[in-house]
$ cat model.txt   # compact mmCIF, C-alpha atoms
# COMPACT_ATOMS: atom_id res chain seq x y z
CA MET A 27 109.52 124.44 92.47
CA SER A 28 107.44 121.27 92.15
CA THR A 29 103.66 120.96 92.03
CA PRO A 30 102.09 121.51 95.47
CA THR A 31 100.32 118.52 97.05
CA PRO A 32 96.62 119.12 97.81
CA PRO A 33 95.48 119.58 101.43
CA LEU A 34 94.16 116.53 103.26
CA ARG A 35 90.61 116.35 104.55
CA ILE A 36 89.90 114.20 107.59
CA GLY A 37 86.24 114.61 108.30
CA ARG A 38 85.57 118.28 109.12
CA HIS A 39 89.29 119.04 109.41
CA THR A 40 91.46 120.24 106.56
CA LEU A 41 95.19 119.71 106.99
CA GLY A 42 96.91 122.35 104.91
CA SER A 43 99.94 120.08 104.68
CA PRO A 44 99.09 116.37 104.35
CA PHE A 45 101.29 114.86 107.05
CA VAL A 46 100.61 113.28 110.42
CA LEU A 47 102.99 112.72 113.32
CA ALA A 48 102.59 109.04 114.19
CA PRO A 49 101.80 108.17 117.79
CA MET A 50 104.89 106.69 119.46
CA ALA A 51 104.95 105.40 123.02
CA GLY A 52 107.13 107.52 125.27
CA ILE A 53 107.79 110.00 122.45
CA THR A 54 104.74 111.91 121.20
CA ASN A 55 103.79 113.47 124.49
CA ARG A 56 102.56 117.02 124.75
CA ALA A 57 106.10 118.44 124.93
CA PHE A 58 107.37 116.75 121.76
CA ARG A 59 104.19 117.59 119.85
CA ARG A 60 104.62 121.25 120.83
CA LEU A 61 108.21 121.25 119.59
CA CYS A 62 107.23 119.70 116.26
CA ARG A 63 104.34 122.12 115.77
CA GLU A 64 106.70 125.06 116.20
CA TYR A 65 108.48 123.99 113.03
CA ALA A 66 105.36 123.48 110.95
CA GLY A 67 101.65 123.85 111.34
CA GLY A 68 99.16 122.46 108.92
CA GLY A 69 99.44 118.78 109.81
CA ALA A 70 98.16 116.62 112.65
CA TYR A 71 100.18 115.52 115.67
CA VAL A 72 98.82 112.42 117.41
CA SER A 73 99.13 111.62 121.11
CA GLU A 74 100.72 108.50 122.52
CA MET A 75 98.42 105.48 122.37
CA VAL A 76 96.08 105.09 125.34
CA THR A 77 93.92 102.10 126.15
CA SER A 78 90.18 102.50 126.12
CA ARG A 79 89.77 100.64 129.41
CA ALA A 80 92.30 102.84 131.22
CA LEU A 81 90.58 105.93 129.84
CA VAL A 82 87.15 104.80 131.00
CA GLU A 83 88.63 104.03 134.44
CA ARG A 84 90.30 107.47 134.42
CA HIS A 85 93.75 106.25 135.33
CA PRO A 86 95.78 109.37 136.23
CA GLU A 87 98.60 108.64 133.77
CA THR A 88 96.13 108.04 130.95
CA MET A 89 94.30 111.28 131.69
CA ARG A 90 97.67 113.07 131.52
CA LEU A 91 98.45 111.46 128.16
CA VAL A 92 95.29 112.87 126.57
CA GLU A 93 96.03 116.45 127.64
CA HIS A 94 96.74 118.95 124.88
CA ASP A 95 98.13 122.46 124.68
CA PRO A 96 95.51 125.18 124.22
CA ASP A 97 96.69 125.91 120.67
CA GLU A 98 96.75 122.28 119.45
CA HIS A 99 94.33 121.70 116.60
CA PRO A 100 93.13 119.23 115.76
CA ARG A 101 93.60 117.52 119.12
CA SER A 102 94.35 113.97 118.01
CA VAL A 103 94.15 111.00 120.38
CA GLN A 104 95.01 107.41 119.53
CA LEU A 105 92.98 104.68 121.22
CA TYR A 106 93.67 100.97 121.58
CA GLY A 107 90.83 98.66 122.50
CA VAL A 108 89.50 95.13 122.05
CA ASP A 109 85.97 95.42 123.40
CA PRO A 110 83.30 97.31 121.40
CA VAL A 111 81.43 98.31 124.56
CA VAL A 112 84.52 99.68 126.31
CA MET A 113 85.67 101.37 123.10
CA ALA A 114 82.29 103.10 122.78
CA ALA A 115 82.53 104.32 126.38
CA ALA A 116 86.06 105.64 125.86
CA VAL A 117 85.14 107.53 122.71
CA ARG A 118 82.03 108.88 124.42
CA LEU A 119 84.18 110.24 127.26
CA LEU A 120 86.54 111.97 124.82
CA VAL A 121 83.85 113.65 122.76
CA GLU A 122 81.37 114.51 125.52
CA GLU A 123 84.12 116.09 127.62
CA ASP A 124 85.59 117.85 124.57
CA ARG A 125 89.00 116.22 124.89
CA ALA A 126 89.58 115.37 121.20
CA ASP A 127 88.87 116.67 117.69
CA HIS A 128 90.11 113.49 115.99
CA ILE A 129 90.32 109.89 117.20
CA ASP A 130 92.66 107.31 115.68
CA LEU A 131 92.23 103.59 116.37
CA ASN A 132 95.37 101.49 116.71
CA VAL A 133 95.10 98.04 115.15
CA GLY A 134 98.74 97.88 114.06
CA CYS A 135 100.76 97.45 117.26
CA PRO A 136 103.17 94.47 116.89
CA VAL A 137 104.29 94.36 120.53
CA PRO A 138 104.02 90.78 121.90
CA LYS A 139 102.21 91.73 125.12
CA VAL A 140 99.45 93.21 122.93
CA THR A 141 99.22 90.65 120.11
CA ARG A 142 99.53 87.71 122.53
CA LYS A 143 96.02 88.49 123.74
CA GLY A 144 94.56 89.26 120.33
CA GLY A 145 95.03 93.02 120.31
CA GLY A 146 96.94 95.37 118.01
CA ALA A 147 97.96 93.91 114.68
CA ALA A 148 96.33 90.59 115.59
CA LEU A 149 92.86 92.12 115.87
CA PRO A 150 91.91 92.65 112.19
CA TRP A 151 92.21 88.87 111.63
CA LYS A 152 88.95 88.53 113.57
CA LYS A 153 86.74 90.33 111.09
CA ASP A 154 83.54 90.61 113.13
CA LEU A 155 85.28 91.88 116.25
CA PHE A 156 87.30 94.42 114.29
CA ALA A 157 84.23 95.75 112.48
CA ALA A 158 82.25 95.97 115.72
CA ILE A 159 84.98 98.01 117.43
CA VAL A 160 85.27 100.46 114.54
CA ARG A 161 81.49 100.84 114.26
CA ALA A 162 81.23 101.53 118.01
CA ALA A 163 83.89 104.23 117.84
CA VAL A 164 82.41 105.91 114.77
CA ARG A 165 78.90 105.83 116.21
CA GLU A 166 79.89 107.66 119.39
CA ALA A 167 82.29 110.10 117.74
CA SER A 168 79.90 111.08 114.95
CA ARG A 169 77.44 112.50 117.46
CA TYR A 170 79.94 115.33 118.00
CA ASP A 171 81.23 115.41 114.42
CA VAL A 172 84.60 114.02 115.50
CA PRO A 173 86.21 111.98 112.71
CA VAL A 174 87.64 108.52 113.38
CA THR A 175 90.60 107.06 111.51
CA VAL A 176 92.25 103.64 111.68
CA LYS A 177 95.98 102.85 111.59
CA MET A 178 96.81 99.29 110.62
CA ARG A 179 99.53 97.02 109.26
CA VAL A 180 99.60 94.88 106.14
CA GLY A 181 98.82 91.81 108.21
CA ILE A 182 100.10 89.40 110.81
CA ASP A 183 102.60 87.71 108.49
CA GLU A 184 102.96 86.81 104.83
CA ASP A 185 100.33 84.08 105.08
CA HIS A 186 97.79 86.18 106.96
CA LEU A 187 97.36 89.56 105.26
CA THR A 188 94.46 91.61 106.58
CA PHE A 189 94.79 95.15 105.25
CA LEU A 190 92.40 95.01 102.28
CA ASP A 191 89.53 93.38 104.19
CA ALA A 192 90.14 95.60 107.22
CA GLY A 193 90.32 98.71 105.05
CA ARG A 194 86.98 97.90 103.42
CA ALA A 195 85.38 97.14 106.79
CA ALA A 196 86.66 100.42 108.22
CA ARG A 197 85.35 102.33 105.19
CA ASP A 198 81.95 100.65 105.51
CA ALA A 199 81.88 101.55 109.22
CA GLY A 200 82.26 105.23 108.34
CA VAL A 201 85.87 106.13 109.11
CA ALA A 202 87.26 109.37 107.69
CA ALA A 203 90.61 107.88 106.58
CA VAL A 204 92.79 104.79 106.87
CA ALA A 205 96.56 104.76 107.48
CA LEU A 206 98.70 101.79 106.50
CA HIS A 207 102.11 100.98 107.95
CA ALA A 208 103.34 98.93 105.02
CA ARG A 209 104.89 96.13 107.05
CA THR A 210 103.46 92.98 108.61
CA ALA A 211 103.52 92.54 112.37
CA ALA A 212 106.14 89.80 111.82
CA GLN A 213 108.43 92.34 110.19
CA HIS A 214 108.11 94.59 113.23
CA TYR A 215 110.24 97.56 112.03
CA SER A 216 112.80 95.54 110.09
CA GLY A 217 113.43 95.37 106.36
CA HIS A 218 111.73 97.73 103.96
CA ALA A 219 108.18 99.05 104.00
CA ARG A 220 106.19 97.69 101.08
CA TRP A 221 104.84 100.84 99.53
CA GLU A 222 103.13 98.85 96.77
CA GLU A 223 100.61 97.67 99.37
CA ILE A 224 99.71 101.30 100.10
CA ALA A 225 98.94 101.69 96.39
CA ARG A 226 96.74 98.58 96.49
CA LEU A 227 94.82 99.89 99.47
CA LYS A 228 94.32 103.30 97.87
CA GLU A 229 93.01 101.66 94.72
CA ALA A 230 90.61 99.50 96.74
CA LEU A 231 89.24 102.31 98.91
CA ASP A 232 89.29 105.34 96.62
CA PRO A 233 87.99 108.03 97.16
CA LEU A 234 88.45 107.42 100.92
CA PRO A 235 91.69 109.11 102.02
CA VAL A 236 94.53 106.64 102.54
CA LEU A 237 97.72 107.64 104.36
CA GLY A 238 101.03 105.88 103.91
CA ASN A 239 103.47 105.03 106.69
CA GLY A 240 106.89 103.42 106.68
CA ASP A 241 110.45 104.42 105.73
CA ILE A 242 109.87 108.17 105.48
CA TRP A 243 113.22 109.54 106.58
CA SER A 244 113.13 112.77 104.56
CA ALA A 245 110.77 115.11 102.72
CA GLU A 246 111.95 113.51 99.49
CA ASP A 247 110.81 110.12 100.78
CA ALA A 248 107.37 111.58 101.50
CA LEU A 249 107.06 113.02 98.02
CA ALA A 250 108.20 109.72 96.52
CA MET A 251 105.62 107.76 98.53
CA VAL A 252 102.78 110.01 97.36
CA ALA A 253 103.99 109.83 93.76
CA GLN A 254 104.44 106.05 93.76
CA THR A 255 101.32 105.03 95.65
CA GLY A 256 98.76 107.76 95.02
CA CYS A 257 98.19 108.05 98.78
CA ASP A 258 96.60 111.24 100.09
CA GLY A 259 99.15 111.95 102.80
CA VAL A 260 101.89 110.47 104.95
CA VAL A 261 102.32 109.37 108.54
CA VAL A 262 105.82 109.99 109.93
CA GLY A 263 107.19 108.13 112.93
CA ARG A 264 110.85 107.30 113.55
CA GLY A 265 112.08 109.73 110.88
CA CYS A 266 111.46 112.71 113.15
CA LEU A 267 113.32 111.35 116.18
CA GLY A 268 115.86 114.01 117.08
CA ARG A 269 114.72 115.97 114.01
CA PRO A 270 111.52 117.87 114.83
CA TRP A 271 112.40 120.21 111.96
CA LEU A 272 111.54 117.37 109.55
CA PHE A 273 108.00 118.76 109.64
CA ALA A 274 109.25 122.08 108.27
CA ASP A 275 110.83 120.11 105.43
CA LEU A 276 107.57 118.24 104.83
CA ALA A 277 105.51 121.43 104.82
CA ALA A 278 107.92 123.01 102.31
CA ALA A 279 108.01 119.92 100.10
CA PHE A 280 104.25 119.55 99.96
CA ALA A 281 103.98 123.27 99.16
CA GLY A 282 106.28 122.70 96.19
CA SER A 283 109.33 124.39 97.73
CA PRO A 284 112.87 122.92 97.67
CA SER A 285 113.68 124.63 101.00
CA ARG A 286 115.08 122.26 103.66
CA VAL A 287 116.30 122.78 107.23
CA THR A 288 119.99 121.94 107.74
CA PRO A 289 120.78 123.22 111.25
CA ALA A 290 124.26 123.73 112.61
CA LEU A 291 125.02 122.08 115.94
CA GLY A 292 124.19 125.26 117.85
CA GLU A 293 120.67 125.24 116.43
CA VAL A 294 120.29 121.55 117.25
CA ALA A 295 121.41 122.23 120.82
CA ALA A 296 118.85 125.03 121.08
CA ALA A 297 116.08 122.67 119.92
CA LEU A 298 117.21 120.04 122.41
CA ARG A 299 117.20 122.63 125.22
CA ARG A 300 113.71 123.81 124.23
CA HIS A 301 112.53 120.19 124.25
CA ALA A 302 113.87 119.86 127.79
CA THR A 303 112.04 123.00 128.90
CA TYR A 304 108.74 121.72 127.54
CA LEU A 305 109.22 118.33 129.21
CA VAL A 306 109.90 119.96 132.59
CA GLU A 307 106.78 122.09 132.16
CA MET A 308 104.79 118.96 131.28
CA TYR A 309 105.98 117.36 134.53
CA ASP A 310 104.87 120.39 136.56
CA GLY A 311 108.38 121.74 137.06
CA GLU A 312 110.01 118.44 138.06
CA GLU A 313 113.41 118.82 136.39
CA LEU A 314 114.58 115.30 137.14
CA LEU A 315 111.50 113.77 135.49
CA GLY A 316 111.79 116.04 132.47
CA CYS A 317 115.50 115.36 132.03
CA ARG A 318 115.03 111.63 132.40
CA ASP A 319 112.44 111.76 129.63
CA LEU A 320 114.86 113.73 127.47
CA ARG A 321 117.70 111.22 127.79
CA LYS A 322 116.33 108.82 125.17
CA HIS A 323 116.41 111.63 122.59
CA ILE A 324 120.09 112.65 123.03
CA ALA A 325 121.65 110.20 120.56
CA TRP A 326 119.03 111.03 117.93
CA TYR A 327 119.68 114.77 118.17
CA LEU A 328 123.46 114.36 117.97
CA LYS A 329 123.51 111.71 115.21
CA GLY A 330 126.34 112.53 112.79
CA PHE A 331 127.65 115.55 114.73
CA PRO A 332 131.08 115.79 116.41
CA ALA A 333 130.33 115.50 120.11
CA GLY A 334 132.62 112.82 121.54
CA SER A 335 131.67 109.72 123.45
CA THR A 336 132.33 111.21 126.90
CA LEU A 337 130.03 114.18 126.35
CA ARG A 338 127.35 111.98 124.79
CA THR A 339 127.46 109.70 127.83
CA GLU A 340 127.21 112.62 130.24
CA LEU A 341 124.25 114.06 128.31
CA ALA A 342 122.54 110.68 128.46
CA LEU A 343 122.69 110.92 132.28
CA VAL A 344 121.60 114.55 132.60
CA ASP A 345 119.43 115.27 135.66
CA SER A 346 118.82 119.04 135.71
CA LEU A 347 118.47 121.97 133.35
CA ASP A 348 121.58 123.63 134.78
CA ARG A 349 123.59 120.49 134.14
CA LEU A 350 122.14 120.30 130.63
CA ASP A 351 123.21 123.90 129.97
CA ASP A 352 126.75 123.15 131.16
CA LEU A 353 127.02 120.14 128.87
CA LEU A 354 125.50 121.82 125.81
CA ALA A 355 127.99 124.68 126.24
CA ARG A 356 130.77 122.17 125.48
CA LEU A 357 129.42 121.56 121.96
CA ASP A 358 130.81 123.50 119.01
CA PRO A 359 127.82 125.60 117.87
CA SER A 360 129.43 126.29 114.49
CA ALA A 361 129.71 122.62 113.52
CA PRO A 362 127.72 122.37 110.26
CA TRP A 363 124.90 120.00 109.43
CA PRO A 364 126.68 116.71 108.63
CA GLY A 365 124.42 115.78 105.75
CA SER A 366 123.86 112.07 105.12
CA ASP A 367 125.56 111.10 108.39
CA ALA A 368 122.69 112.77 110.28
CA GLU A 369 119.94 111.45 108.04
CA GLY A 370 118.43 108.11 107.16
CA PRO A 371 116.99 105.47 109.50
CA ARG A 372 116.88 106.07 113.23
CA GLY A 373 115.29 104.21 116.10
CA ARG A 374 115.41 100.46 116.60
CA ALA A 375 114.61 98.35 113.54
CA GLY A 376 114.79 94.94 115.19
CA THR A 377 114.53 91.70 113.25
CA PRO A 378 111.63 89.69 111.82
CA LYS A 379 110.01 87.44 114.39
CA THR A 380 107.09 85.11 114.87
CA VAL A 381 104.09 87.08 116.11
CA ALA A 382 102.87 86.10 119.59
CA LEU A 383 99.20 85.12 119.27
CA PRO A 384 96.52 83.41 121.37
CA GLU A 385 96.31 79.65 120.93
CA GLY A 386 94.40 78.74 117.78
CA TRP A 387 94.04 82.39 116.75
CA LEU A 388 94.77 81.75 113.09
CA ASP A 389 92.51 78.70 112.79
CA SER A 390 89.51 80.85 111.96
CA GLN A 391 88.63 84.48 111.39
CA GLU A 392 85.70 84.07 113.77
CA LEU A 393 86.17 84.57 117.50
CA THR A 394 85.69 81.48 119.68
CA GLU A 395 84.22 81.80 123.16
CA ALA A 396 87.57 81.01 124.79
CA GLN A 397 89.24 83.65 122.65
CA ARG A 398 86.52 86.14 123.54
CA VAL A 399 87.41 85.75 127.23
CA LEU A 400 91.12 86.15 126.47
CA VAL A 401 90.61 89.22 124.31
CA GLY A 402 88.60 90.73 127.13
CA GLN A 403 91.79 90.70 129.19
CA ALA A 404 93.98 92.15 126.45
CA GLU A 405 93.90 95.72 127.67
CA LEU A 406 94.79 94.87 131.25
CA SER A 407 98.49 94.45 130.45
CA VAL A 408 98.71 97.91 128.93
CA SER A 409 96.18 99.75 131.06
CA GLY A 410 97.20 103.14 132.37
CA GLY A 411 98.30 104.32 128.98
$ encode --input "model.txt" --output "structure tokens"
Amino acid sequence: MSTPTPPLRIGRHTLGSPFVLAPMAGITNRAFRRLCREYAGGGAYVSEMVTSRALVERHPETMRLVEHDPDEHPRSVQLYGVDPVVMAAAVRLLVEEDRADHIDLNVGCPVPKVTRKGGGAALPWKKDLFAAIVRAAVREASRYDVPVTVKMRVGIDEDHLTFLDAGRAARDAGVAAVALHARTAAQHYSGHARWEEIARLKEALDPLPVLGNGDIWSAEDALAMVAQTGCDGVVVGRGCLGRPWLFADLAAAFAGSPSRVTPALGEVAAALRRHATYLVEMYDGEELLGCRDLRKHIAWYLKGFPAGSTLRTELALVDSLDRLDDLLARLDPSAPWPGSDAEGPRGRAGTPKTVALPEGWLDSQELTEAQRVLVGQAELSVSGG
């Protein structure tokens, strides 16, 4: 037994276990969040990112993305926005219509179609705009006692680090916590997360809660991050792909228990089948849509297990629950947990790359009029969710 880690307070919410499921596009929908919650309560499970403009315009897909199960608490929604006025309207919709208990602002997305127009990880470079967006969100959310958090990166690249200034601005705007993915946007998901920057941010913002994100592939990694950086909790993304039981490991580790989940292949198949059921339910009984959504998860679930290339390929093309049952029946349920072969990094890491930015973006930390017009269009390319 090790020393238990204290609960995490985010505004009026107390997370009995200080972990957060990171929002991931196409992954952290209502079905996957439900599956993860079944393994461990006590944390927070954040929705896929939605754009503030699409939310205000009530795009059908966006409205579906912010739906939660009746037993989800806190209901966490991540918003992306580049206009303080639109951000305020989006937050107002969420809190006035009682659609969220916690709102997270995304200023860490490294995707070129977002940064090219000044959004995501490019946004904190423009200090005034960033501060205005955070203040607008906090102002509207605080009227209903809904806490706002911010998830950011270390910076754009090595020469343009933003996390300390952005962290202080977010604190001054009244956020309840700040999460840091300890990579620059240029790193994307490559290389190693720089946990030492999480420690620097915690030191700069203490006592504001700071959450660490990056390279948490196991409960032991989470404990090591907290020990090395002094952060108040962890945000877990790619480490749980195909391993929703990682949250049971995290809950045990933070409670001081050495207990870990090491499922045999039959248990993994059962989790995969349950995931499929929840996806079909989410798509109102449309089996083809649910199974198509499941396909991306197959390789992650089976990582390290003996399954054979033919069966893996057939599973990756599954189109109905009956077909899924037939294929899963061909797996050896007694095959034991393969240990290290099933653990470690998963998901695409990519390679370092030059961040796509608006022309002249790095010339000044003040927004020019031409850039203001461009930023105003930044959400259009990702509207609808």
$ residues_around --input "model.txt" --residues "segment 190-195 of chain A" --least-positions-apart "5" --cutoff "12 Å" --atoms "only C-alpha atoms" --output "MDAnalysis selection string"
chainID A and resid 133:134 147:161 175:181 200:206 208 223:237 391
$ residues_near_point --input "model.txt" --point "(87.6, 106.1, 133.4)" --cutoff "12 Å" --atoms "only C-alpha atoms" --output "count of residues only"
25
$ atom_distance --input "model.txt" --atom1 "atom CA of Gly238 of chain A" --atom2 "atom CA of Val260 of chain A"
4.8 Å
$ atom_distance --input "model.txt" --atom1 "atom CA of Gly282 of chain A" --atom2 "atom CA of Pro49 of chain A"
26.4 Å
$ atom_distance --input "model.txt" --atom1 "atom CA of Val140 of chain A" --atom2 "atom CA of Ser102 of chain A"
21.9 Å
$ closest_residue --input "model.txt" --among "A:Asp367, A:Glu307, A:Asp319, A:Glu246" --to "Ser283 of chain A" --atoms "all atoms listed in the file"
A:Glu246
$ closest_residue --input "model.txt" --among "A:Ala355, A:Val172, A:Val92, A:Leu320" --to "Ile53 of chain A" --atoms "only C-alpha atoms"
A:Leu320
$ residues_around --input "model.txt" --residues "Thr210 of chain A" --least-positions-apart "2" --cutoff "12 Å" --atoms "all atoms listed in the file" --output "PyMOL selection string"
chain A and resi 133-136+146-148+178-189+206-208+212-220+223+240+378-381
$ closest_residue --input "model.txt" --among "A:Leu347, A:Ile324, A:Val46, A:Ala57" --to "Glu312 of chain A" --atoms "all atoms listed in the file"
A:Leu347
$ closest_residue --input "model.txt" --among "A:Met50, A:Cys317, A:Ala278, A:Leu353" --to "Thr303 of chain A" --atoms "all atoms listed in the file"
A:Cys317
$ closest_atom_pairs --input "model.txt" --of "segment 264-321 of chain A" --to "segment 325-337 of chain A" --cutoff "7 Å" --atoms "only C-alpha atoms" --output "CSV"
residue,atom,partner,partner_atom,distance
A:Leu267,CA,A:Trp326,CA,6.0
A:Gly268,CA,A:Tyr327,CA,4.0
A:Arg269,CA,A:Tyr327,CA,6.6
A:Val294,CA,A:Tyr327,CA,6.9
$ closest_residue --input "model.txt" --among "A:Tyr106, A:Trp243, A:Phe273, A:Trp221" --to "Tyr71 of chain A" --atoms "all atoms listed in the file"
A:Phe273
$ closest_residue --input "model.txt" --among "A:Arg90, A:Lys143, A:Arg338, A:Arg318" --to "Gln397 of chain A" --atoms "all atoms listed in the file"
A:Lys143
$ residues_around --input "model.txt" --residues "Glu74 of chain A" --least-positions-apart "3" --cutoff "7 Å" --atoms "all atoms listed in the file" --output "PDB file with C-alpha atoms, in the frame of the given file"
ATOM      1  CA  PRO A  49     101.800 108.170 117.790  1.00  0.00           C
ATOM      2  CA  MET A  50     104.890 106.690 119.460  1.00  0.00           C
ATOM      3  CA  ALA A  51     104.950 105.400 123.020  1.00  0.00           C
ATOM      4  CA  THR A  54     104.740 111.910 121.200  1.00  0.00           C
ATOM      5  CA  ASN A  55     103.790 113.470 124.490  1.00  0.00           C
ATOM      6  CA  LEU A  91      98.450 111.460 128.160  1.00  0.00           C
ATOM      7  CA  GLN A 104      95.010 107.410 119.530  1.00  0.00           C
TER       8      GLN A 104
END
$ residues_around --input "model.txt" --residues "Ala296 of chain A" --least-positions-apart "5" --cutoff "10 Å" --atoms "only C-alpha atoms" --output "MDAnalysis selection string"
chainID A and resid 291 301:302 351 354 359
$ decode --input "model.txt" --residues "segment 43-55 of chain A" --atoms "N, CA and C atoms" --output "JSON list (two decimals), in the first residue's frame"
[["chain", "number", "residue", "atom", "x", "y", "z"],
["A", 43, "SER", "N", -11.21, 10.55, -7.12],
["A", 43, "SER", "CA", -9.94, 10.10, -7.68],
["A", 43, "SER", "C", -9.50, 11.15, -8.70],
["A", 44, "PRO", "N", -8.28, 11.68, -8.56],
["A", 44, "PRO", "CA", -7.90, 12.87, -9.33],
["A", 44, "PRO", "C", -7.44, 12.57, -10.76],
["A", 45, "PHE", "N", -8.35, 12.03, -11.57],
["A", 45, "PHE", "CA", -8.02, 11.81, -12.98],
["A", 45, "PHE", "C", -9.16, 12.31, -13.85],
["A", 46, "VAL", "N", -8.79, 12.65, -15.08],
["A", 46, "VAL", "CA", -9.75, 13.16, -16.06],
["A", 46, "VAL", "C", -9.50, 12.44, -17.38],
["A", 47, "LEU", "N", -10.57, 11.96, -18.00],
["A", 47, "LEU", "CA", -10.48, 11.43, -19.36],
["A", 47, "LEU", "C", -10.38, 12.61, -20.31],
["A", 48, "ALA", "N", -9.30, 12.66, -21.08],
["A", 48, "ALA", "CA", -9.11, 13.78, -22.01],
["A", 48, "ALA", "C", -10.10, 13.70, -23.15],
["A", 49, "PRO", "N", -10.59, 14.83, -23.59],
["A", 49, "PRO", "CA", -11.45, 14.83, -24.79],
["A", 49, "PRO", "C", -10.64, 14.42, -26.01],
["A", 50, "MET", "N", -11.16, 13.48, -26.79],
["A", 50, "MET", "CA", -10.50, 13.03, -28.02],
["A", 50, "MET", "C", -11.54, 12.93, -29.11],
["A", 51, "ALA", "N", -11.27, 13.59, -30.23],
["A", 51, "ALA", "CA", -12.22, 13.61, -31.34],
["A", 51, "ALA", "C", -12.49, 12.20, -31.85],
["A", 52, "GLY", "N", -13.76, 11.87, -31.99],
["A", 52, "GLY", "CA", -14.15, 10.57, -32.50],
["A", 52, "GLY", "C", -14.00, 9.44, -31.50],
["A", 53, "ILE", "N", -13.58, 9.75, -30.26],
["A", 53, "ILE", "CA", -13.35, 8.72, -29.26],
["A", 53, "ILE", "C", -14.24, 8.90, -28.04],
["A", 54, "THR", "N", -14.18, 10.06, -27.41],
["A", 54, "THR", "CA", -14.83, 10.23, -26.10],
["A", 54, "THR", "C", -16.29, 10.63, -26.23],
["A", 55, "ASN", "N", -16.99, 9.87, -27.04],
["A", 55, "ASN", "CA", -18.44, 10.08, -27.15],
["A", 55, "ASN", "C", -19.12, 9.46, -25.93]]
